[in-house]
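K.L.:
Have a look at this one before I ask anything.
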Amino acid sequence: MEGTTIKLDETFTKANEWLQKNNLQLTGSPTMRNDEAAFEQETLLFYGEGYGNPAHTNAAQREGMAKRAAVVTAQRAVAEYLEGFAIVGATEVDQGIIVRDHIKTAVASFIKGVQVVFEDYNREKETAIAIIKIGLHGPKGFGTYLYERINTDPVLKKAVTTDKPAFKPPPVAAEEAGVVPAMLDHPYDGLIIDATEQDFRPALINRIFTVKGEVLYDPAKVSQKVLVEQGCGEYTNSQDKARAALAVRGVTNPLLLKASGANNRSDLQVSDEDAIKVFTANQKGNFLGDAKVAFVLK
């Protein structure tokens with residue numbers, strides 16, 4: 001997965017060691033962001049910097065104020081990042097301004113509960129940093145919070161709900177495609193969609209359409225419990241990682257397809273033939289309803 005790597009000042013070695021020990025990457029700072037890392041590790045990590053006030057002659061006071069300033073800077077970065085967070089591709093053009101206003105309101109009340117997970121202070125430079133953490137999913141995650149807002153806010157719900165018809169192939173189509181016989185012995189229980197050739201990015205709601213615009217996968221139809229606990233899919237930069245991520249969800253035989261196009265940066269297209277394969281396989285495996293989907297990004 002391509003993304004901008006956010007690095008800390010070399011003087012803050014403890015912070016870098018903490019990140020490496022926990023196998024985490026920074027996803028945001030006052031000037032940069034890394035959306036791909038956020039979705040891959042299911043965690044949003046931001047850092048901010050603060051500086052000691054020379055007017056304070058007490059060294060301990062300067063350190064305390066610098067650390068507090070670092071936390072505040074990180075919180076500000078969180079707010080700016082989340083206000084521009086991708087919910088679904090359609091929001092870029094459909095009611096974009098209105099939706100952003102609603103997101104801004106939601107973010108203002110959400111960031112009060114962010115968790116400070118690391119603080120460090122360089123006495124030589126009298127500079128502090130703070131790293132704050134937000135889960136993407138789970139009971140207190142940002143994704144969970146927005147899913148709940150979508151269900152209760154008619155403007156947000158309208159923005160993420162498509163009025164396109166659901167894909168339903170002719171009864172004979174699956175048999176002609178040779179899908180049903182293969183499924184009898186080795187039923188598919190998950191989906192991996194290779195989007196490495198598309199300008200595709202993860203969002204809280206990623207959808208899959210046919211070339212004609214029919215809906216094949218719409219996480220708005222996924223159960224709230226699944227969305228809260230796991231989100232609408234896994235995001236990796238290789239097929240092997242995708243298989244491993246789905247294996248954690250109990251998937252042993254995923255169907256592998258390549259996206260044929262993209263409606264926008266978070267909505268993919270598949271060919272008619274592949275749409276039939278997914279539809280038919282899902283009739284037996286019901287993996288779409290459980291969001292057992294992995295997206296492979298470039």
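Following the order of the structure tokens, chains are lettered A, B, ..., residues in each are numbered from 1, and ligands are numbered from 1.
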So that I can see what lies close to A:Asn286, please list as number ranges by chain the residues with an atom at most 9 Å from it, counting only C-alpha atoms and leaving out residues fewer than 4 positions away in the same chain.
P.N.:
A: 189-190, 281-282, 290, 292
K.L.:
How would the residues just chosen look if you wrote them out with N, CA and C atoms as a PDB file, in the first residue's frame?
P.N.:
```pdb
ATOM      1  N   ASP A 189     -16.012 -18.780   0.843  1.00  0.00           N
ATOM      2  CA  ASP A 189     -16.504 -18.214   2.102  1.00  0.00           C
ATOM      3  C   ASP A 189     -15.948 -16.816   2.359  1.00  0.00           C
ATOM      4  N   GLY A 190     -15.439 -16.175   1.326  1.00  0.00           N
ATOM      5  CA  GLY A 190     -14.920 -14.823   1.465  1.00  0.00           C
ATOM      6  C   GLY A 190     -14.592 -14.259   0.090  1.00  0.00           C
ATOM      7  N   ALA A 281     -21.721 -17.261  -5.471  1.00  0.00           N
ATOM      8  CA  ALA A 281     -20.957 -17.790  -4.347  1.00  0.00           C
ATOM      9  C   ALA A 281     -21.532 -17.301  -3.021  1.00  0.00           C
ATOM     10  N   ASN A 282     -21.982 -16.065  -2.986  1.00  0.00           N
ATOM     11  CA  ASN A 282     -22.514 -15.506  -1.750  1.00  0.00           C
ATOM     12  C   ASN A 282     -23.849 -16.133  -1.367  1.00  0.00           C
ATOM     13  N   ASP A 290     -21.448 -10.781   6.191  1.00  0.00           N
ATOM     14  CA  ASP A 290     -20.539 -10.777   7.330  1.00  0.00           C
ATOM     15  C   ASP A 290     -19.290  -9.940   7.059  1.00  0.00           C
ATOM     16  N   LYS A 292     -16.899 -10.299   5.025  1.00  0.00           N
ATOM     17  CA  LYS A 292     -15.658 -11.076   4.873  1.00  0.00           C
ATOM     18  C   LYS A 292     -15.065 -10.750   3.492  1.00  0.00           C
TER      19      LYS A 292
END
```
K.L.:
Could you list, as a count of residues only, every residue within 9 Å of A:Lys168, counting only C-alpha atoms and ignoring same-chain residues fewer than 5 positions away?
P.N.:
4
K.L.:
Mind checking which residues fall within 10 Å of A:Asp272, counting only C-alpha atoms, ignoring those fewer than 6 positions away in the same chain, and posting them as JSON, numbers by chain?
P.N.:
{"A": [167, 169, 209, 210, 211, 212, 260, 278]}
K.L.:
Take the selection from the previous step and output its residues with C-alpha atoms, as a compact mmCIF listing (two decimals), in the first residue's frame.
P.N.:
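Below is the file out23.txt, written as the result:
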```txt
# COMPACT_ATOMS: atom_id res chain seq x y z
CA PHE A 167 -27.52 -6.88 -8.84
CA PRO A 169 -28.32 -12.17 -12.53
CA PHE A 209 -20.86 -2.14 -8.29
CA THR A 210 -21.33 -3.76 -11.67
CA VAL A 211 -20.37 -1.88 -14.83
CA LYS A 212 -24.06 -0.97 -15.22
CA SER A 260 -12.43 -3.73 -13.63
CA VAL A 278 -19.72 -13.18 -6.44
```
K.L.:
Can you pull out the residues contacting stretch 15-17 of chain A? Cut-off 9 Å, using only C-alpha atoms, and skip same-chain residues under 3 positions away; I want them as JSON, numbers by chain.
P.N.:
{"A": [7, 8, 10, 12, 20, 21, 22, 118, 119, 120, 129, 130, 131]}
K.L.:
Env of A:Gly213: 10 Å cut, atoms = only C-alpha atoms, seq-sep filter 6 positions within chain, self excluded. Answer as a compact mmCIF listing (two decimals) with C-alpha atoms, in the first residue's frame.
P.N.:
```txt
# COMPACT_ATOMS: atom_id res chain seq x y z
CA LYS A 164 -28.97 2.02 -7.42
CA PRO A 165 -30.71 -1.35 -7.86
CA ALA A 166 -29.17 -4.49 -6.40
CA PHE A 167 -27.52 -6.88 -8.84
CA ASN A 263 -16.81 4.84 -9.84
CA GLN A 269 -16.58 -1.95 -10.34
CA VAL A 270 -16.36 -5.59 -11.43
```
K.L.:
So that I can check the surroundings of A:Glu229, please list as a list of chain:residue names every protein, DNA and RNA residue that reaches within 10 Å of it, counting only C-alpha atoms and ignoring chain neighbours fewer than 2 positions away.
P.N.:
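Answer for this query is A:Leu136, A:His137, A:Gly138, A:Pro139, A:Gly141, A:Gly143, A:Thr144, A:Gln224, A:Lys225, A:Val226, A:Leu227, A:Gly231, A:Cys232.
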K.L.:
Neighbours of stretch 31-38 of chain A within 12 Å (only C-alpha atoms; same-chain residues fewer than 6 positions away dropped), as a PyMOL selection string?
P.N.:
chain A and resi 1-8+23-25+44-49+73-74+76-78+80-82+84-86+133-137+142-143+200-204+234-237+295-298
K.L.:
Restrict the selected residues to C-alpha atoms and save them as an mmCIF file, in the first residue's frame.
P.N.:
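As a result, part.cif now contains:
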```
data_model
loop_
_atom_site.group_PDB
_atom_site.id
_atom_site.type_symbol
_atom_site.label_atom_id
_atom_site.label_comp_id
_atom_site.auth_asym_id
_atom_site.auth_seq_id
_atom_site.Cartn_x
_atom_site.Cartn_y
_atom_site.Cartn_z
ATOM 1 C CA MET A 1 0.000 0.000 0.000
ATOM 2 C CA GLU A 2 1.383 3.366 -0.917
ATOM 3 C CA GLY A 3 1.203 6.125 1.655
ATOM 4 C CA THR A 4 3.134 8.973 3.134
ATOM 5 C CA THR A 5 5.279 7.764 6.004
ATOM 6 C CA ILE A 6 5.093 10.100 8.970
ATOM 7 C CA LYS A 7 8.371 10.262 10.880
ATOM 8 C CA LEU A 8 9.262 11.691 14.249
ATOM 9 C CA ASN A 23 4.162 -2.658 15.313
ATOM 10 C CA LEU A 24 2.329 0.615 14.656
ATOM 11 C CA GLN A 25 2.692 3.564 12.307
ATOM 12 C CA LEU A 44 -5.468 6.106 14.295
ATOM 13 C CA LEU A 45 -2.265 7.457 15.863
ATOM 14 C CA PHE A 46 -1.468 11.172 15.861
ATOM 15 C CA TYR A 47 1.372 13.147 17.286
ATOM 16 C CA GLY A 48 1.788 16.772 18.253
ATOM 17 C CA GLU A 49 4.708 18.881 19.398
ATOM 18 C CA THR A 73 -1.604 20.126 19.097
ATOM 19 C CA ALA A 74 -2.231 16.424 18.510
ATOM 20 C CA ARG A 76 -6.183 19.678 16.852
ATOM 21 C CA ALA A 77 -4.565 17.462 14.216
ATOM 22 C CA VAL A 78 -7.115 14.732 15.007
ATOM 23 C CA GLU A 80 -8.686 18.338 11.130
ATOM 24 C CA TYR A 81 -7.950 14.788 10.002
ATOM 25 C CA LEU A 82 -11.317 13.328 10.949
ATOM 26 C CA GLY A 84 -11.815 15.141 6.057
ATOM 27 C CA PHE A 85 -12.175 11.417 6.720
ATOM 28 C CA ALA A 86 -13.579 9.377 3.859
ATOM 29 C CA LYS A 133 -4.713 6.977 19.916
ATOM 30 C CA ILE A 134 -8.170 6.373 18.493
ATOM 31 C CA GLY A 135 -9.522 2.948 17.602
ATOM 32 C CA LEU A 136 -11.092 2.754 14.162
ATOM 33 C CA HIS A 137 -13.614 0.091 15.155
ATOM 34 C CA PHE A 142 -14.432 6.438 15.391
ATOM 35 C CA GLY A 143 -15.952 4.168 12.761
ATOM 36 C CA PHE A 200 -8.854 3.308 -4.901
ATOM 37 C CA ARG A 201 -8.566 4.229 -1.238
ATOM 38 C CA PRO A 202 -10.120 2.777 1.922
ATOM 39 C CA ALA A 203 -13.140 4.449 3.493
ATOM 40 C CA LEU A 204 -15.553 3.652 6.289
ATOM 41 C CA GLU A 234 -9.744 -5.686 5.355
ATOM 42 C CA TYR A 235 -7.128 -3.562 3.556
ATOM 43 C CA THR A 236 -3.706 -4.847 2.539
ATOM 44 C CA ASN A 237 -1.082 -4.416 -0.171
ATOM 45 C CA PHE A 295 -9.349 -5.079 -0.657
ATOM 46 C CA VAL A 296 -5.830 -5.184 -2.089
ATOM 47 C CA LEU A 297 -4.502 -1.675 -2.686
ATOM 48 C CA LYS A 298 -1.515 -0.506 -4.682
#
```
K.L.:
Between A:Ala55, A:Ala128, A:Ile111, A:Ala195, which has the minimum distance to A:Ala69 (counting only C-alpha atoms)?
P.N.:
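Between A:Ala55, A:Ala128, A:Ile111, A:Ala195, the residue approaching A:Ala69 most closely is A:Ala128.
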K.L.:
Between A:Lys221, A:Arg123, A:His56, A:Arg249, which has the minimum distance to A:Asn151 (counting only C-alpha atoms)?
P.N.:
A:Lys221
K.L.:
Please extract the residues of stretch 113-162 of chain A with a backbone DSSP assignment of helix (DSSP H, G or I) and present them as a CSV table (one decimal) with N, CA and C atoms, in the first residue's frame.
P.N.:
```
chain,number,residue,atom,x,y,z
A,113,GLY,N,-12.7,12.2,23.9
A,113,GLY,CA,-12.3,11.0,24.6
A,113,GLY,C,-11.1,10.3,24.0
A,142,PHE,N,-13.9,5.4,16.2
A,142,PHE,CA,-14.4,6.4,15.4
A,142,PHE,C,-15.4,5.9,14.3
A,143,GLY,N,-15.1,4.8,13.7
A,143,GLY,CA,-16.0,4.2,12.8
A,143,GLY,C,-17.3,3.8,13.4
A,144,THR,N,-17.2,3.2,14.6
A,144,THR,CA,-18.5,2.9,15.3
A,144,THR,C,-19.3,4.1,15.5
A,145,TYR,N,-18.7,5.1,16.0
A,145,TYR,CA,-19.4,6.4,16.3
A,145,TYR,C,-20.1,6.9,15.1
A,146,LEU,N,-19.4,6.9,13.9
A,146,LEU,CA,-20.0,7.4,12.7
A,146,LEU,C,-21.1,6.5,12.2
A,147,TYR,N,-20.9,5.2,12.3
A,147,TYR,CA,-22.0,4.3,11.9
A,147,TYR,C,-23.3,4.6,12.7
A,148,GLU,N,-23.1,4.9,14.0
A,148,GLU,CA,-24.3,5.2,14.8
A,148,GLU,C,-24.9,6.5,14.3
A,149,ARG,N,-24.0,7.5,14.0
A,149,ARG,CA,-24.5,8.8,13.5
A,149,ARG,C,-25.3,8.7,12.2
A,150,ILE,N,-24.7,7.8,11.4
A,150,ILE,CA,-25.4,7.6,10.1
A,150,ILE,C,-26.8,7.0,10.2
A,151,ASN,N,-26.9,6.1,11.2
A,151,ASN,CA,-28.2,5.5,11.4
A,151,ASN,C,-29.3,6.5,12.1
A,152,THR,N,-28.7,7.5,12.7
A,152,THR,CA,-29.7,8.5,13.4
A,152,THR,C,-29.7,9.8,12.7
A,154,PRO,N,-30.5,11.7,9.3
A,154,PRO,CA,-31.0,11.5,8.0
A,154,PRO,C,-30.2,12.1,6.8
A,155,VAL,N,-29.4,13.2,7.1
A,155,VAL,CA,-28.6,13.7,6.0
A,155,VAL,C,-27.4,12.8,5.7
A,156,LEU,N,-26.7,12.3,6.8
A,156,LEU,CA,-25.6,11.4,6.5
A,156,LEU,C,-26.1,10.1,5.9
A,157,LYS,N,-27.2,9.6,6.4
A,157,LYS,CA,-27.8,8.3,5.9
A,157,LYS,C,-28.1,8.4,4.4
A,158,LYS,N,-28.7,9.6,4.0
A,158,LYS,CA,-29.0,9.8,2.6
A,158,LYS,C,-27.8,9.8,1.8
A,159,ALA,N,-26.7,10.4,2.3
A,159,ALA,CA,-25.5,10.6,1.5
A,159,ALA,C,-24.8,9.3,1.3
A,160,VAL,N,-24.9,8.3,2.2
A,160,VAL,CA,-24.2,7.1,2.0
A,160,VAL,C,-25.0,5.9,1.5
```
K.L.:
Give the answer as one residue: which of A:Thr43, A:Ala242, A:Asp163, A:Arg207 has the shortest atom-to-atom distance to A:Ser266, using only C-alpha atoms?
P.N.:
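Result for the nearest residue to A:Ser266: A:Arg207.
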K.L.:
Please compute the atom CA of A:Leu256-atom CA of A:Gln198 distance, one decimal, in Å.
P.N.:
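Value for the atom CA of A:Leu256-atom CA of A:Gln198 distance: 16.0 Å.
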K.L.:
If you measure from atom CA of A:Phe287 to atom CA of A:Asp240, what distance in Å do you get, rounded to one decimal?
P.N.:
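For atom CA of A:Phe287 relative to atom CA of A:Asp240, the distance reads 18.8 Å.
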K.L.:
Between A:Leu191, A:Leu246, A:Ala66, A:Ala262, which residue has the minimum interatomic distance to A:Gly285, considering only C-alpha atoms?
P.N.:
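That would be A:Leu191, the residue with the smallest distance to A:Gly285.
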